[in-house]
Every structure is written in C-alpha cells, then in structure tokens.
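Q: Got a structure for you, protein-v1.cif, holding mmCIF, C-alpha atoms and all ligand atoms.
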data_final
loop_
_atom_site.label_atom_id
_atom_site.label_comp_id
_atom_site.auth_asym_id
_atom_site.auth_seq_id
_atom_site.Cartn_x
_atom_site.Cartn_y
_atom_site.Cartn_z
CA MET A 33 0.85 -13.41 -13.30
CA THR A 34 -0.19 -14.29 -9.77
CA ASP A 35 -1.44 -11.31 -7.82
CA VAL A 36 1.24 -10.04 -5.47
CA PRO A 37 -0.36 -11.00 -2.12
CA ARG A 38 -0.52 -14.62 -3.32
CA GLN A 39 2.94 -14.74 -4.90
CA THR A 40 5.42 -17.29 -3.56
CA TYR A 41 9.21 -17.36 -3.97
CA PRO A 42 10.68 -16.23 -6.32
CA PHE A 43 8.74 -12.98 -6.00
CA THR A 44 8.43 -10.78 -9.09
CA LEU A 45 7.83 -7.11 -9.77
CA PRO A 46 4.69 -6.56 -11.87
CA ASP A 47 4.79 -3.69 -14.36
CA LEU A 48 3.15 -0.49 -13.22
CA PRO A 49 -0.56 -0.95 -14.17
CA TYR A 50 -0.47 2.31 -16.26
CA SER A 51 2.17 4.45 -17.93
CA TYR A 52 4.66 6.35 -15.78
CA ASP A 53 3.16 9.70 -16.76
CA ALA A 54 -0.49 8.61 -16.38
CA LEU A 55 -0.98 10.39 -13.07
CA GLU A 56 0.40 13.73 -14.25
CA PRO A 57 0.11 16.52 -13.30
CA HIS A 58 -0.68 15.27 -9.78
CA LEU A 59 2.05 12.65 -9.39
CA ASP A 60 5.01 13.11 -11.70
CA GLU A 61 6.57 10.72 -14.16
CA ALA A 62 10.11 10.99 -12.75
CA THR A 63 8.97 9.99 -9.27
CA MET A 64 6.81 7.12 -10.55
CA ARG A 65 9.72 5.80 -12.59
CA VAL A 66 12.31 5.77 -9.81
CA HIS A 67 9.75 4.71 -7.19
CA HIS A 68 8.57 1.66 -9.13
CA ASP A 69 11.69 0.65 -11.08
CA LYS A 70 14.26 1.29 -8.34
CA HIS A 71 12.67 1.39 -4.89
CA HIS A 72 9.98 -1.26 -5.36
CA LYS A 73 12.34 -3.50 -7.37
CA THR A 74 14.96 -3.38 -4.62
CA TYR A 75 12.42 -4.63 -2.07
CA VAL A 76 11.54 -7.54 -4.35
CA ASP A 77 15.21 -8.40 -4.92
CA LYS A 78 16.05 -8.25 -1.22
CA LEU A 79 13.00 -10.30 -0.28
CA ASN A 80 14.14 -12.98 -2.72
CA GLU A 81 17.67 -12.87 -1.29
CA ALA A 82 16.31 -13.47 2.21
CA VAL A 83 13.91 -16.28 1.28
CA ALA A 84 16.50 -17.96 -1.02
CA LYS A 85 18.30 -19.12 2.11
CA LYS A 86 15.20 -20.79 3.62
CA PRO A 87 13.69 -23.52 1.40
CA GLU A 88 11.03 -24.21 4.05
CA LEU A 89 9.61 -20.69 3.54
CA GLN A 90 9.49 -20.85 -0.25
CA ARG A 91 6.00 -22.36 -0.49
CA LEU A 92 4.49 -19.59 1.65
CA THR A 93 2.62 -16.75 -0.01
CA LEU A 94 3.63 -13.14 0.65
CA VAL A 95 0.56 -12.66 2.87
CA GLU A 96 1.38 -15.83 4.82
CA LEU A 97 4.97 -14.70 5.37
CA LEU A 98 3.81 -11.29 6.59
CA SER A 99 1.05 -12.73 8.78
CA ASP A 100 3.40 -15.09 10.62
CA ILE A 101 6.32 -12.71 10.82
CA ASP A 102 6.93 -13.44 14.51
CA LYS A 103 7.28 -17.15 13.79
CA LEU A 104 9.97 -16.70 11.14
CA PRO A 105 13.59 -17.65 11.89
CA ASP A 106 15.53 -14.80 13.53
CA ASP A 107 17.88 -14.21 10.63
CA VAL A 108 15.14 -13.62 8.05
CA ARG A 109 12.46 -11.95 10.19
CA GLU A 110 13.62 -8.36 9.69
CA PRO A 111 14.50 -8.71 5.98
CA VAL A 112 11.05 -10.24 5.34
CA ARG A 113 9.28 -7.63 7.47
CA ASN A 114 10.99 -4.78 5.62
CA ASN A 115 11.23 -6.08 2.06
CA GLY A 116 8.12 -8.28 2.08
CA GLY A 117 6.17 -5.38 3.56
CA GLY A 118 7.73 -3.09 0.96
CA HIS A 119 6.63 -5.41 -1.86
CA TYR A 120 3.08 -5.83 -0.52
CA HIS A 121 2.46 -2.15 0.22
CA HIS A 122 3.92 -0.80 -3.03
CA ASP A 123 1.79 -3.18 -5.08
CA LEU A 124 -1.30 -1.96 -3.21
CA PHE A 125 -0.19 1.66 -3.62
CA TRP A 126 0.12 1.39 -7.44
CA ASN A 127 -3.32 -0.19 -7.44
CA SER A 128 -4.73 2.56 -5.24
CA LEU A 129 -4.07 5.12 -7.98
CA SER A 130 -6.05 5.80 -11.15
CA PRO A 131 -5.26 7.58 -14.43
CA ALA A 132 -9.01 8.19 -14.89
CA ALA A 133 -9.18 9.97 -11.55
CA ALA A 134 -6.12 12.01 -12.57
CA GLN A 135 -8.26 13.22 -15.51
CA GLY A 136 -11.07 14.18 -13.14
CA ALA A 137 -13.29 11.08 -13.10
CA ALA A 138 -14.89 9.51 -10.01
CA ARG A 139 -13.04 11.29 -7.25
CA GLN A 140 -15.33 9.91 -4.53
CA PRO A 141 -16.46 6.41 -3.61
CA ASP A 142 -20.03 5.35 -4.31
CA GLY A 143 -22.30 2.43 -3.51
CA GLU A 144 -21.54 0.09 -0.61
CA LEU A 145 -18.03 1.42 -0.05
CA ALA A 146 -19.34 4.98 0.32
CA ALA A 147 -21.98 3.73 2.78
CA ALA A 148 -19.38 1.81 4.81
CA ILE A 149 -17.07 4.84 4.95
CA SER A 150 -19.92 7.05 6.16
CA GLU A 151 -20.91 4.47 8.75
CA SER A 152 -17.38 4.12 10.14
CA PHE A 153 -16.20 7.74 9.91
CA ALA A 154 -19.48 9.74 10.02
CA SER A 155 -18.97 11.05 6.47
CA PHE A 156 -16.63 10.88 3.49
CA GLU A 157 -15.30 14.35 4.36
CA LYS A 158 -14.51 13.28 7.94
CA PHE A 159 -12.79 10.15 6.64
CA ARG A 160 -10.64 12.18 4.28
CA GLU A 161 -9.78 14.66 7.01
CA GLN A 162 -8.76 11.94 9.47
CA PHE A 163 -6.77 9.97 6.90
CA THR A 164 -4.96 13.14 5.74
CA ASP A 165 -4.24 14.17 9.31
CA VAL A 166 -2.73 10.79 10.24
CA ALA A 167 -0.67 10.75 7.04
CA ALA A 168 0.55 14.33 7.50
CA ARG A 169 1.56 13.73 11.12
CA HIS A 170 3.15 10.31 10.63
CA PHE A 171 6.70 10.64 11.93
CA ALA A 172 9.45 9.63 9.48
CA SER A 173 8.81 6.76 7.05
CA GLY A 174 5.67 4.68 6.81
CA TRP A 175 2.26 4.08 5.30
CA VAL A 176 -1.33 4.97 6.10
CA ALA A 177 -4.08 2.62 5.01
CA LEU A 178 -7.85 2.32 5.05
CA VAL A 179 -8.51 -1.21 6.34
CA ARG A 180 -11.51 -3.44 6.84
CA VAL A 181 -11.58 -4.97 10.33
CA HIS A 182 -12.87 -8.52 9.91
CA ASP A 183 -14.29 -8.98 13.44
CA THR A 184 -16.58 -5.98 13.27
CA GLY A 185 -16.92 -5.39 9.54
CA LYS A 186 -16.04 -1.74 10.21
CA LEU A 187 -13.49 0.35 8.36
CA ALA A 188 -10.57 1.90 10.21
CA LEU A 189 -7.25 3.63 9.61
CA ALA A 190 -3.90 1.91 10.03
CA ASP A 191 -0.84 4.05 10.73
CA LEU A 192 2.09 1.82 9.77
CA LYS A 193 5.74 2.32 10.68
CA ASP A 194 8.43 1.68 8.03
CA HIS A 195 7.06 -1.23 5.99
CA ASP A 196 5.29 -3.01 8.86
CA ALA A 197 2.12 -4.69 7.60
CA PRO A 198 -1.09 -4.62 9.64
CA PRO A 199 -2.20 -8.04 11.01
CA LEU A 200 -3.48 -9.35 7.67
CA ARG A 201 -5.58 -12.20 9.08
CA LYS A 202 -7.63 -9.61 10.95
CA ARG A 203 -7.49 -6.55 8.72
CA THR A 204 -7.51 -6.17 4.97
CA PRO A 205 -5.98 -3.01 3.55
CA LEU A 206 -8.24 -1.42 0.90
CA LEU A 207 -6.42 1.82 0.05
CA ILE A 208 -2.93 2.96 0.97
CA VAL A 209 -0.63 5.96 0.73
CA ASP A 210 3.16 5.88 0.90
CA VAL A 211 4.53 8.59 3.19
CA TRP A 212 8.20 7.69 2.76
CA GLU A 213 10.01 10.77 1.44
CA HIS A 214 11.00 8.88 -1.72
CA ALA A 215 7.29 8.90 -2.66
CA TYR A 216 7.15 12.68 -3.01
CA TYR A 217 10.52 14.39 -2.49
CA LEU A 218 11.44 14.96 -6.16
CA LYS A 219 8.29 16.96 -6.85
CA PHE A 220 7.20 18.24 -3.45
CA GLN A 221 10.44 18.25 -1.40
CA ASN A 222 9.36 18.42 2.26
CA ARG A 223 5.77 19.48 1.51
CA ARG A 224 3.99 16.26 2.41
CA PRO A 225 0.54 17.94 2.72
CA GLU A 226 0.75 18.98 -0.97
CA PHE A 227 1.58 15.40 -1.90
CA LEU A 228 -1.47 14.25 0.06
CA THR A 229 -3.67 16.70 -1.83
CA ALA A 230 -2.29 15.25 -5.08
CA PHE A 231 -2.93 11.72 -3.77
CA TRP A 232 -6.66 12.44 -3.24
CA SER A 233 -6.87 13.56 -6.88
CA VAL A 234 -5.70 10.19 -8.16
CA VAL A 235 -7.30 7.64 -5.79
CA ASP A 236 -8.77 4.65 -7.61
CA TRP A 237 -12.16 4.30 -5.90
CA LYS A 238 -13.23 1.61 -8.34
CA LYS A 239 -10.40 -0.76 -7.40
CA THR A 240 -10.82 0.19 -3.73
CA ALA A 241 -14.50 -0.78 -3.97
CA GLN A 242 -13.50 -4.10 -5.57
CA ARG A 243 -11.08 -4.82 -2.72
CA PHE A 244 -13.81 -3.91 -0.22
CA ALA A 245 -16.24 -6.33 -1.88
CA ASN A 246 -13.60 -9.11 -2.00
CA SER A 247 -12.65 -8.56 1.65
CA ARG A 248 -16.20 -9.39 2.69
CA THR A 249 -16.36 -12.70 0.86
CA ALA A 250 -12.85 -14.08 0.35
CA THR A 251 -10.30 -15.16 2.95
CA PRO A 252 -7.29 -12.84 3.13
CA MET A 253 -4.87 -15.75 2.60
MN MN3 A 301 7.73 3.80 -1.56
#
Kindly present the structure from the file in structure tokens form.
Ligand code: MN3
A:
Amino acid sequence: MTDVPRQTYPFTLPDLPYSYDALEPHLDEATMRVHHDKHHKTYVDKLNEAVAKKPELQRLTLVELLSDIDKLPDDVREPVRNNGGGHYHHDLFWNSLSPAAAQGAARQPDGELAAAISESFASFEKFREQFTDVAARHFASGWVALVRVHDTGKLALADLKDHDAPPLRKRTPLLIVDVWEHAYYLKFQNRRPEFLTAFWSVVDWKKTAQRFANSRTATPM
C-alpha cells in the first residue's frame, strides 16, 4: 500500500500498525478502536466524497492537496483542509506511537535526532516541557507536532488548529499528538495533561528518527 502522504484518490485507511490493545495500559483499546475505525475512517470517506467531484484533483497526492490548499476550488477547499488534514495527521499519529515503548523500551531519542533536539531546544527535557505545555494549553481541538524546518534545518513546534496542516513544502512533521477530545475522553475525560503523560510513554522514537533522517534527504512531495 502506498504510504498515506503519497496516496492519491481514492484514499484508503491503512490498518492500525499494531493491535488495538498494544499501547495498554497507557492508551486504551476502546479509544484506539473508535479513534481509528470511526474517526479516522470518517475523514478518509469525507475526503473521497469531496475529491470525487473534482477529476482534476484526483492525480494529486495528499501532501500536494494539503500544500496547495489555497489554490483549490472554493467548494472543496474546506472539506479537503479538514478531512485531508485529518487523514494525514491521524496516519502520522498512529506511526508516532510504539508498542515497544509501551512496554518500557527506548523512551528517549538517541543519535542524530537526540542531538538535533538538544540543539534546537537546549535539551530533551526542555523540548518535552515545551511540547507538553503547548499541547496542554492548546484551546479546543487541534494537533501539536515536532517539525523540521527545511530552510534552517532546525526543529520546531507546530501548534495546529483543527486539522490544519503546517506548510508541508517548508516543514516536515516528525512526531505528532492529537489533542482533540476524542483522542482521550473515554479514558481521561477532561484530564488532557494525564493523556499527555501517557503519550510520552508510548512515543515511537525509532520511527521519529527515521522520519527525521528522511526529511533531510528526500523531498516532502
Ligand atoms: Mn483524532
């Protein structure tokens, strides 16, 4: 299956890359099930509905659609922004999480990613503090991502409203957390900080390091 950023119409929902209960006890099976099978699927379905009406958009990849959002026809711009962004971000979120980390393995980055985080944020602890703070304070629905800024090669945080994607030609998201209530309400109700603590226990630093390495050599498109 084509990786999600490079998918073209008709877009498809990949299976979760691990079992629904693989992140227990940090992230619960019931939430993972409804989040992937219902929420994420609905974004894919609605994205397809929107693009079905525009044959001229059907050869564009998901990243191309999201990068040129302002150039899209008026009647599909918002559906693509919301549902295309929802598809892109959820795929990255599933691939930001690791069953091995849930079991206690590799809960910190190493190698070049660790060095880049320290260079951009002073230390791993400062990075985690800043990321957690932005995610805890984010008003209403959205996402917080660690991104690589292509111009400078530095890492930065992106605080994203609703499903708005960052400018993907200029910034590549490496790690993301979903702060929509549907991501945590079943288990944590309104206690978003507890969800964020659970998130740090399941981050997939290995895949994040792979995305970091790819972002330095491959074009985002
Ligand atoms: Mn979600």
Q: Please give me, as a PyMOL selection string, the residues lying within 6 Å of ligand MN3 301 (chain A) when counting all atoms listed in the file.
A: chain A and resi 210+212+215
Q: Could you jot down the CA of His58 (chain A) to CA of Ala134 (chain A) separation for me, Å, one decimal place?
A: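 One can read the CA of His58 (chain A) to CA of Ala134 (chain A) distance as 6.9 Å.
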Q: Could you give me, as a list in words, the residues within 6 Å of Val176 (chain A), counting all atoms listed in the file and dropping anything in the same chain fewer than 2 positions from it?
A: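 The residues satisfying every condition are Ala167, Ala190, Asp191, Leu192, Ile208 and Val209 of chain A.
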Q: Neighbourhood query: residues within 12 Å of (17.3, -19.4, 3.2), file coordinates, counting all atoms listed in the file; return as a ChimeraX atom specification.
A: /A:41,79-90,104-109,111-112
Q: One decimal, in Å: what's the spacing between CA of Leu124 (chain A) and CA of Arg223 (chain A)?
A: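 It comes out at 23.1 Å.
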Q: Need the shell around Thr44 (chain A): protein/DNA/RNA residues with any atom at most 9 Å away, counting all atoms listed in the file. Skip same-chain ones fewer than 3 positions apart. Format as a JSON list (two decimals) with C-alpha atoms, in the frame of the given file?
A:
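Generated file (result.json):
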[["chain", "number", "residue", "atom", "x", "y", "z"],
["A", 36, "VAL", "CA", 1.24, -10.04, -5.47],
["A", 39, "GLN", "CA", 2.94, -14.74, -4.90],
["A", 41, "TYR", "CA", 9.21, -17.36, -3.97],
["A", 73, "LYS", "CA", 12.34, -3.50, -7.37],
["A", 76, "VAL", "CA", 11.54, -7.54, -4.35],
["A", 77, "ASP", "CA", 15.21, -8.40, -4.92],
["A", 80, "ASN", "CA", 14.14, -12.98, -2.72]]
Q: Which residues, written as a PyMOL selection string, have at least one atom at most 12 Å from Gln162 (chain A), with only C-alpha atoms counted and residues fewer than 5 positions away on the same chain left out?
A: chain A and resi 149+152-157+167-169+176-178+188-191
Q: Within 12 Å of Arg201 (chain A), counting only C-alpha atoms, which residues show up once you throw out same-chain ones fewer than 2 positions away? Write them as a list in words, please.
A: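 Residues near the query, excluding close chain neighbours: Val95, Glu96, Leu97, Leu98, Ser99, Asp100, Val179, Arg180, Val181, His182, Asp183, Ala197, Pro198, Pro199, Arg203, Thr204, Pro205, Ser247, Ala250, Thr251, Pro252 and Met253 of chain A.
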Q: Have a look at A:Ala133, A:Val235, A:Ala54, A:Leu48 and name the one nearest to Arg160 (chain A); count only C-alpha atoms.
A: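 Nearest candidate to Arg160 (chain A) out of A:Ala133, A:Val235, A:Ala54, A:Leu48: A:Val235.
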